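Okay, my_file_37.cif now, which holds mmCIF, C-alpha atoms:
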data_run
loop_
_atom_site.group_PDB
_atom_site.id
_atom_site.type_symbol
_atom_site.label_atom_id
_atom_site.label_comp_id
_atom_site.auth_asym_id
_atom_site.auth_seq_id
_atom_site.Cartn_x
_atom_site.Cartn_y
_atom_site.Cartn_z
ATOM 1 C CA MET T 1 107.854 34.920 80.108
ATOM 2 C CA THR T 2 108.335 32.582 77.136
ATOM 3 C CA SER T 3 111.635 32.212 75.359
ATOM 4 C CA LEU T 4 112.317 33.377 71.818
ATOM 5 C CA PRO T 5 112.354 29.857 70.287
ATOM 6 C CA GLU T 6 108.945 29.152 71.848
ATOM 7 C CA LYS T 7 107.537 32.409 70.461
ATOM 8 C CA LEU T 8 108.908 31.616 66.992
ATOM 9 C CA ALA T 9 107.527 28.087 67.114
ATOM 10 C CA GLU T 10 104.098 29.407 68.066
ATOM 11 C CA THR T 11 104.141 32.118 65.399
ATOM 12 C CA PHE T 12 105.208 29.809 62.568
ATOM 13 C CA ARG T 13 103.285 26.722 63.615
ATOM 14 C CA SER T 14 100.955 27.254 60.662
ATOM 15 C CA ALA T 15 103.853 27.671 58.201
ATOM 16 C CA GLY T 16 104.050 24.827 55.750
ATOM 17 C CA VAL T 17 101.374 23.608 53.390
ATOM 18 C CA LYS T 18 98.958 26.286 54.581
ATOM 19 C CA SER T 19 101.477 28.958 53.532
ATOM 20 C CA ALA T 20 101.773 27.554 50.014
ATOM 21 C CA TYR T 21 98.172 26.494 49.435
ATOM 22 C CA GLY T 22 95.397 28.781 50.625
ATOM 23 C CA ASP T 23 91.902 27.768 51.610
ATOM 24 C CA PRO T 24 89.807 26.563 48.647
ATOM 25 C CA VAL T 25 87.238 29.060 47.390
ATOM 26 C CA GLN T 26 83.970 28.081 45.646
ATOM 27 C CA ILE T 27 82.720 30.430 42.900
ATOM 28 C CA ASP T 28 79.786 29.362 40.697
ATOM 29 C CA GLY T 29 80.549 25.651 41.104
ATOM 30 C CA VAL T 30 84.258 26.126 40.374
ATOM 31 C CA THR T 31 86.799 25.468 43.129
ATOM 32 C CA LEU T 32 89.919 27.643 43.263
ATOM 33 C CA VAL T 33 92.940 26.693 45.369
ATOM 34 C CA PRO T 34 95.482 29.548 45.527
ATOM 35 C CA VAL T 35 99.159 28.549 45.332
ATOM 36 C CA ALA T 36 102.115 30.603 46.570
ATOM 37 C CA LEU T 37 105.840 30.205 47.005
ATOM 38 C CA ALA T 38 106.603 30.858 50.675
ATOM 39 C CA TYR T 39 109.853 30.800 52.598
ATOM 40 C CA TYR T 40 111.209 32.118 55.884
ATOM 41 C CA GLY T 41 114.639 32.855 57.293
ATOM 42 C CA PHE T 42 116.061 33.713 60.690
ATOM 43 C CA GLY T 43 119.459 34.558 62.038
ATOM 44 C CA GLY T 44 121.189 35.780 65.125
ATOM 45 C CA GLY T 45 124.535 36.373 66.657
ATOM 46 C CA ASP T 46 126.351 37.114 69.866
ATOM 47 C CA ALA T 47 129.531 39.176 70.204
ATOM 48 C CA GLY T 48 130.028 38.633 73.906
ATOM 49 C CA GLU T 49 129.962 41.896 75.839
ATOM 50 C CA ALA T 50 129.730 43.947 72.627
ATOM 51 C CA GLY T 51 126.115 42.881 72.172
ATOM 52 C CA SER T 52 123.906 40.510 70.303
ATOM 53 C CA GLY T 53 121.177 40.679 67.714
ATOM 54 C CA GLY T 54 118.919 38.760 65.475
ATOM 55 C CA GLY T 55 116.272 39.073 62.864
ATOM 56 C CA GLY T 56 114.085 37.231 60.475
ATOM 57 C CA GLY T 57 111.611 37.569 57.709
ATOM 58 C CA GLY T 58 109.494 35.780 55.197
ATOM 59 C CA VAL T 59 108.238 36.072 51.659
ATOM 60 C CA SER T 60 105.091 34.810 50.032
ATOM 61 C CA LEU T 61 104.702 35.130 46.261
ATOM 62 C CA PRO T 62 101.380 34.128 44.649
ATOM 63 C CA ILE T 63 102.248 31.960 41.644
ATOM 64 C CA GLY T 64 98.789 30.843 40.532
ATOM 65 C CA ALA T 65 95.787 28.719 41.399
ATOM 66 C CA TYR T 66 94.448 25.240 40.816
ATOM 67 C CA VAL T 67 91.048 25.481 39.139
ATOM 68 C CA LYS T 68 88.734 22.494 39.581
ATOM 69 C CA SER T 69 85.536 22.272 37.559
ATOM 70 C CA GLY T 70 83.576 19.381 36.138
ATOM 71 C CA GLY T 71 85.858 16.707 37.594
ATOM 72 C CA THR T 72 89.033 18.121 36.033
ATOM 73 C CA ALA T 73 91.719 20.258 37.618
ATOM 74 C CA ARG T 74 94.243 22.522 35.915
ATOM 75 C CA PHE T 75 96.872 24.977 37.069
ATOM 76 C CA GLU T 76 96.432 28.622 36.043
ATOM 77 C CA PRO T 77 99.666 30.569 36.580
ATOM 78 C CA ASN T 78 99.754 34.144 37.839
ATOM 79 C CA VAL T 79 101.692 35.560 34.893
ATOM 80 C CA ILE T 80 102.346 38.951 36.537
ATOM 81 C CA ALA T 81 103.929 37.373 39.625
ATOM 82 C CA LEU T 82 106.000 34.987 37.517
ATOM 83 C CA LEU T 83 107.250 37.909 35.415
ATOM 84 C CA ALA T 84 108.054 39.859 38.582
ATOM 85 C CA VAL T 85 110.358 37.010 39.600
ATOM 86 C CA GLY T 86 111.545 35.976 36.144
ATOM 87 C CA VAL T 87 112.662 39.350 34.764
ATOM 88 C CA PRO T 88 115.163 40.158 37.563
ATOM 89 C CA PHE T 89 116.409 36.559 37.402
ATOM 90 C CA LEU T 90 117.035 36.851 33.658
ATOM 91 C CA ILE T 91 118.821 40.192 34.102
ATOM 92 C CA VAL T 92 121.153 38.798 36.771
ATOM 93 C CA THR T 93 121.773 35.649 34.724
ATOM 94 C CA GLY T 94 122.528 37.718 31.612
ATOM 95 C CA ARG T 95 125.003 39.921 33.449
ATOM 96 C CA ALA T 96 126.726 36.894 34.973
ATOM 97 C CA LEU T 97 127.031 35.224 31.566
ATOM 98 C CA ALA T 98 128.403 38.439 30.052
ATOM 99 C CA ARG T 99 131.119 38.559 32.729
ATOM 100 C CA VAL T 100 131.993 34.907 32.177
ATOM 101 C CA ILE T 101 132.240 35.454 28.421
ATOM 102 C CA ARG T 102 134.416 38.563 28.910
ATOM 103 C CA ALA T 103 136.678 36.661 31.272
ATOM 104 C CA LEU T 104 137.037 33.777 28.798
ATOM 105 C CA LYS T 105 137.950 36.165 25.954
ATOM 106 C CA LYS T 106 140.924 37.609 27.882
#
Is it possible to express this structure as structure tokens?
Amino acid sequence: MTSLPEKLAETFRSAGVKSAYGDPVQIDGVTLVPVALAYYGFGGGDAGEAGSGGGGGGVSLPIGAYVKSGGTARFEPNVIALLAVGVPFLIVTGRALARVIRALKK
């Protein structure tokens, strides 16, 4: 039986560049290279005789693609995915700034 670190290492061996950049795809002489933001996290703990536990997870968000045609390459963003990340970020930032401003007024 393999240990947990060995299982995790085997599972996430391909994590890295392959997670962020997908395999290139050729369509009508145009090469597309998908790009994503990918990250993983793991944690665990031990409370002696009370028990122990752990968990982990990962996220991959497609942010666009590099489009190569005729010797030139350009980045085409995935606007929907960027909005899905940007809107909540702006809301949280706005609320934080509002609290800071309220605190400074007092």
Could you write out as JSON the box around stretch 66-79 of chain T (axis-aligned, all atoms listed in the file, 8 Å on each side), with centre and edge lengths in Å to one decimal?
{"center_x": 92.6, "center_y": 26.1, "center_z": 37.9, "size_x": 34.1, "size_y": 34.9, "size_z": 21.9}
Picked residues, the PyMOL selection byres ((chain T and resi 70) around 10), as a ChimeraX atom specification
/T:29-31,68-69,71-73
Between atom CA of T:Phe89 and atom CA of T:Pro77 lies a distance of 17.8 Å
Return as JSON lines the residues of stretch 48-89 of chain T lying at most 10 Å from stretch 20-26 of chain T, together with the closest atom-to-atom pair for each and the distance in Å to one decimal, counting only C-alpha atoms, with rows in chain order and ascending residue number.
{"residue": "T:Ser60", "atom": "CA", "partner": "T:Ala20", "partner_atom": "CA", "distance": 8.0}
{"residue": "T:Leu61", "atom": "CA", "partner": "T:Ala20", "partner_atom": "CA", "distance": 8.9}
{"residue": "T:Pro62", "atom": "CA", "partner": "T:Ala20", "partner_atom": "CA", "distance": 8.5}
{"residue": "T:Ile63", "atom": "CA", "partner": "T:Ala20", "partner_atom": "CA", "distance": 9.5}
{"residue": "T:Gly64", "atom": "CA", "partner": "T:Tyr21", "partner_atom": "CA", "distance": 9.9}
{"residue": "T:Ala65", "atom": "CA", "partner": "T:Tyr21", "partner_atom": "CA", "distance": 8.7}
{"residue": "T:Tyr66", "atom": "CA", "partner": "T:Pro24", "partner_atom": "CA", "distance": 9.2}
{"residue": "T:Val67", "atom": "CA", "partner": "T:Pro24", "partner_atom": "CA", "distance": 9.6}
{"residue": "T:Lys68", "atom": "CA", "partner": "T:Gln26", "partner_atom": "CA", "distance": 9.5}
As a ChimeraX atom specification, please: the residues near T:Gly43 (cut-off 8 Å, only C-alpha atoms, same-chain neighbours under 2 positions excluded).
/T:41,45,54-56
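With atom CA of T:Ala50 on one side and atom CA of T:Lys7 on the other, the separation reads 25.1 Å.
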Could you work out how far atom CA of T:Ile80 lies from atom CA of T:Leu37, giving the answer in Å with one decimal?
14.1 Å
